[in-house]
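Below is structure-v7.pdb, which holds PDB, C-alpha atoms.
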ATOM      1  CA  MET A   1       0.000   0.000   0.000  1.00  0.00           C
ATOM      2  CA  GLY A   2       1.447   3.394  -1.009  1.00  0.00           C
ATOM      3  CA  ARG A   3       1.918   6.290   1.322  1.00  0.00           C
ATOM      4  CA  VAL A   4      -0.530   9.111   1.161  1.00  0.00           C
ATOM      5  CA  GLY A   5       1.251  12.442   1.351  1.00  0.00           C
ATOM      6  CA  PHE A   6      -0.026  15.367   3.314  1.00  0.00           C
ATOM      7  CA  GLN A   7       1.423  18.817   3.388  1.00  0.00           C
ATOM      8  CA  PHE A   8       1.034  20.674   6.628  1.00  0.00           C
ATOM      9  CA  ARG A   9       1.747  24.357   6.745  1.00  0.00           C
ATOM     10  CA  SER A  10       2.628  25.714  10.120  1.00  0.00           C
ATOM     11  CA  ARG A  11       0.941  28.953  11.089  1.00  0.00           C
ATOM     12  CA  PRO A  12       3.253  31.874  11.790  1.00  0.00           C
ATOM     13  CA  LYS A  13       3.186  32.593  15.513  1.00  0.00           C
ATOM     14  CA  ASP A  14       2.435  36.257  14.978  1.00  0.00           C
ATOM     15  CA  VAL A  15      -1.003  35.735  13.421  1.00  0.00           C
ATOM     16  CA  ASP A  16      -3.620  36.992  15.871  1.00  0.00           C
ATOM     17  CA  PHE A  17      -6.854  35.948  14.136  1.00  0.00           C
ATOM     18  CA  GLN A  18      -8.060  33.441  11.623  1.00  0.00           C
ATOM     19  CA  VAL A  19     -11.209  34.169   9.633  1.00  0.00           C
ATOM     20  CA  LEU A  20     -13.218  31.590   7.731  1.00  0.00           C
ATOM     21  CA  ASN A  21     -15.737  32.608   5.083  1.00  0.00           C
ATOM     22  CA  ALA A  22     -18.607  30.136   5.435  1.00  0.00           C
ATOM     23  CA  ASN A  23     -20.787  31.881   2.830  1.00  0.00           C
ATOM     24  CA  SER A  24     -23.615  33.417   4.857  1.00  0.00           C
ATOM     25  CA  ILE A  25     -21.534  33.692   8.053  1.00  0.00           C
ATOM     26  CA  PHE A  26     -17.919  34.117   9.029  1.00  0.00           C
ATOM     27  CA  ILE A  27     -16.043  32.360  11.816  1.00  0.00           C
ATOM     28  CA  LEU A  28     -13.567  34.643  13.587  1.00  0.00           C
ATOM     29  CA  THR A  29     -11.091  32.758  15.754  1.00  0.00           C
ATOM     30  CA  PRO A  30      -8.705  34.563  18.097  1.00  0.00           C
ATOM     31  CA  LEU A  31      -5.327  32.776  18.149  1.00  0.00           C
ATOM     32  CA  THR A  32      -3.286  34.843  20.588  1.00  0.00           C
ATOM     33  CA  GLU A  33      -3.730  36.431  23.978  1.00  0.00           C
ATOM     34  CA  ALA A  34      -3.718  39.853  22.289  1.00  0.00           C
ATOM     35  CA  ALA A  35      -6.592  38.685  20.067  1.00  0.00           C
ATOM     36  CA  ASP A  36      -8.522  37.378  23.084  1.00  0.00           C
ATOM     37  CA  ASP A  37      -8.070  40.772  24.768  1.00  0.00           C
ATOM     38  CA  TRP A  38      -9.170  42.598  21.595  1.00  0.00           C
ATOM     39  CA  VAL A  39     -12.363  40.539  21.368  1.00  0.00           C
ATOM     40  CA  GLU A  40     -13.136  41.118  25.035  1.00  0.00           C
ATOM     41  CA  GLU A  41     -12.691  44.895  24.639  1.00  0.00           C
ATOM     42  CA  ARG A  42     -14.198  45.454  21.188  1.00  0.00           C
ATOM     43  CA  VAL A  43     -16.796  42.789  20.376  1.00  0.00           C
ATOM     44  CA  SER A  44     -20.160  42.744  22.085  1.00  0.00           C
ATOM     45  CA  LEU A  45     -20.471  39.154  23.258  1.00  0.00           C
ATOM     46  CA  THR A  46     -23.926  38.392  24.618  1.00  0.00           C
ATOM     47  CA  GLU A  47     -25.961  35.380  25.621  1.00  0.00           C
ATOM     48  CA  GLU A  48     -27.000  35.152  21.972  1.00  0.00           C
ATOM     49  CA  THR A  49     -23.428  34.968  20.646  1.00  0.00           C
ATOM     50  CA  GLN A  50     -22.856  31.737  18.782  1.00  0.00           C
ATOM     51  CA  TYR A  51     -19.532  29.940  18.859  1.00  0.00           C
ATOM     52  CA  TRP A  52     -17.918  27.464  16.532  1.00  0.00           C
ATOM     53  CA  GLY A  53     -15.735  25.077  18.474  1.00  0.00           C
ATOM     54  CA  LYS A  54     -14.045  26.420  21.568  1.00  0.00           C
ATOM     55  CA  LYS A  55     -13.127  29.940  20.455  1.00  0.00           C
ATOM     56  CA  GLY A  56     -14.544  30.624  16.994  1.00  0.00           C
ATOM     57  CA  ILE A  57     -17.114  33.418  17.021  1.00  0.00           C
ATOM     58  CA  VAL A  58     -19.892  33.300  14.452  1.00  0.00           C
ATOM     59  CA  ILE A  59     -20.158  36.697  12.749  1.00  0.00           C
ATOM     60  CA  GLU A  60     -22.946  37.750  10.421  1.00  0.00           C
ATOM     61  CA  HIS A  61     -21.864  38.771   6.941  1.00  0.00           C
ATOM     62  CA  ARG A  62     -22.944  42.404   7.444  1.00  0.00           C
ATOM     63  CA  TYR A  63     -20.587  42.927  10.405  1.00  0.00           C
ATOM     64  CA  ILE A  64     -17.371  41.245   9.289  1.00  0.00           C
ATOM     65  CA  SER A  65     -15.939  44.171   7.276  1.00  0.00           C
ATOM     66  CA  ASP A  66     -16.085  46.544  10.244  1.00  0.00           C
ATOM     67  CA  ILE A  67     -14.568  43.929  12.541  1.00  0.00           C
ATOM     68  CA  ILE A  68     -11.711  43.180  10.127  1.00  0.00           C
ATOM     69  CA  GLU A  69     -11.069  46.896   9.682  1.00  0.00           C
ATOM     70  CA  GLY A  70     -10.914  47.325  13.466  1.00  0.00           C
ATOM     71  CA  ILE A  71      -8.530  44.400  13.882  1.00  0.00           C
ATOM     72  CA  LEU A  72      -6.143  45.722  11.243  1.00  0.00           C
ATOM     73  CA  ASN A  73      -6.412  49.360  12.404  1.00  0.00           C
ATOM     74  CA  ASP A  74      -5.438  48.245  15.913  1.00  0.00           C
ATOM     75  CA  GLY A  75      -2.277  46.614  14.553  1.00  0.00           C
ATOM     76  CA  LEU A  76      -3.311  42.994  14.886  1.00  0.00           C
ATOM     77  CA  THR A  77      -2.843  40.432  12.135  1.00  0.00           C
ATOM     78  CA  MET A  78      -5.106  37.903  10.538  1.00  0.00           C
ATOM     79  CA  GLU A  79      -5.162  35.137   7.967  1.00  0.00           C
ATOM     80  CA  ALA A  80      -7.895  33.560   5.920  1.00  0.00           C
ATOM     81  CA  ALA A  81      -8.740  30.004   6.877  1.00  0.00           C
ATOM     82  CA  GLY A  82      -9.077  27.619   4.081  1.00  0.00           C
TER
END

Could you rewrite the structure in this file as structure tokens?
Amino acid sequence: MGRVGFQFRSRPKDVDFQVLNANSIFILTPLTEAADDWVEERVSLTEETQYWGKKGIVIEHRYISDIIEGILNDGLTMEAAG
């Protein structure tokens, strides 16, 4: 039986957020302590907030542009998941 090859790309340690476009929603995942702090200070998390996995925050399509702009304006980094 032949070996199946996988290529794993390690994530640079300086990436603060990962964002996944899931068509009608986005999943914003904080990856660093600075990102966790940013979310706590800047994103209104309520009882109605939906999460994907342990830390991924479900964001409606209409809000993601403002959130991404805020992340980048505050000097944090992000990468697209995919």

Given the file shown, determine the residues that the PyMOL selection byres ((chain A and resi 56-62) around 12) selects; report them as a VMD selection string. chain A and resid 17 to 31 35 to 36 39 to 40 43 to 46 48 to 55 63 to 68 81

When distances are computed from all atoms listed in the file, which of A:Glu47, A:Arg42, A:Leu72, A:Gly82 shows the smallest separation from Asp16 (chain A)?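 Of A:Glu47, A:Arg42, A:Leu72, A:Gly82, the one nearest Asp16 (chain A) is A:Leu72, counting all atoms listed in the file.
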
Box time for region 28-36 of chain A: axis-aligned, enclosing all its listed atoms, 6 Å extra on each side; report centre and edge lengths in Å to one decimal, as lines of an AutoDock Vina configuration file.
center_x = -8.4
center_y = 36.3
center_z = 18.8
size_x = 22.3
size_y = 19.1
size_z = 22.4

Within 8 Å of (-1.4, 40.7, 12.0) in the file's own coordinates, which protein, DNA or RNA residues have an atom, counting all atoms listed in the file? List them as a VMD selection string. chain A and resid 14 to 17 72 75 to 79

Restrict the selected residues to C-alpha atoms and save them as a PDB file, keeping the file's coordinate frame.
ATOM      1  CA  ASP A  14       2.435  36.257  14.978  1.00  0.00           C
ATOM      2  CA  VAL A  15      -1.003  35.735  13.421  1.00  0.00           C
ATOM      3  CA  ASP A  16      -3.620  36.992  15.871  1.00  0.00           C
ATOM      4  CA  PHE A  17      -6.854  35.948  14.136  1.00  0.00           C
ATOM      5  CA  LEU A  72      -6.143  45.722  11.243  1.00  0.00           C
ATOM      6  CA  GLY A  75      -2.277  46.614  14.553  1.00  0.00           C
ATOM      7  CA  LEU A  76      -3.311  42.994  14.886  1.00  0.00           C
ATOM      8  CA  THR A  77      -2.843  40.432  12.135  1.00  0.00           C
ATOM      9  CA  MET A  78      -5.106  37.903  10.538  1.00  0.00           C
ATOM     10  CA  GLU A  79      -5.162  35.137   7.967  1.00  0.00           C
TER      11      GLU A  79
END
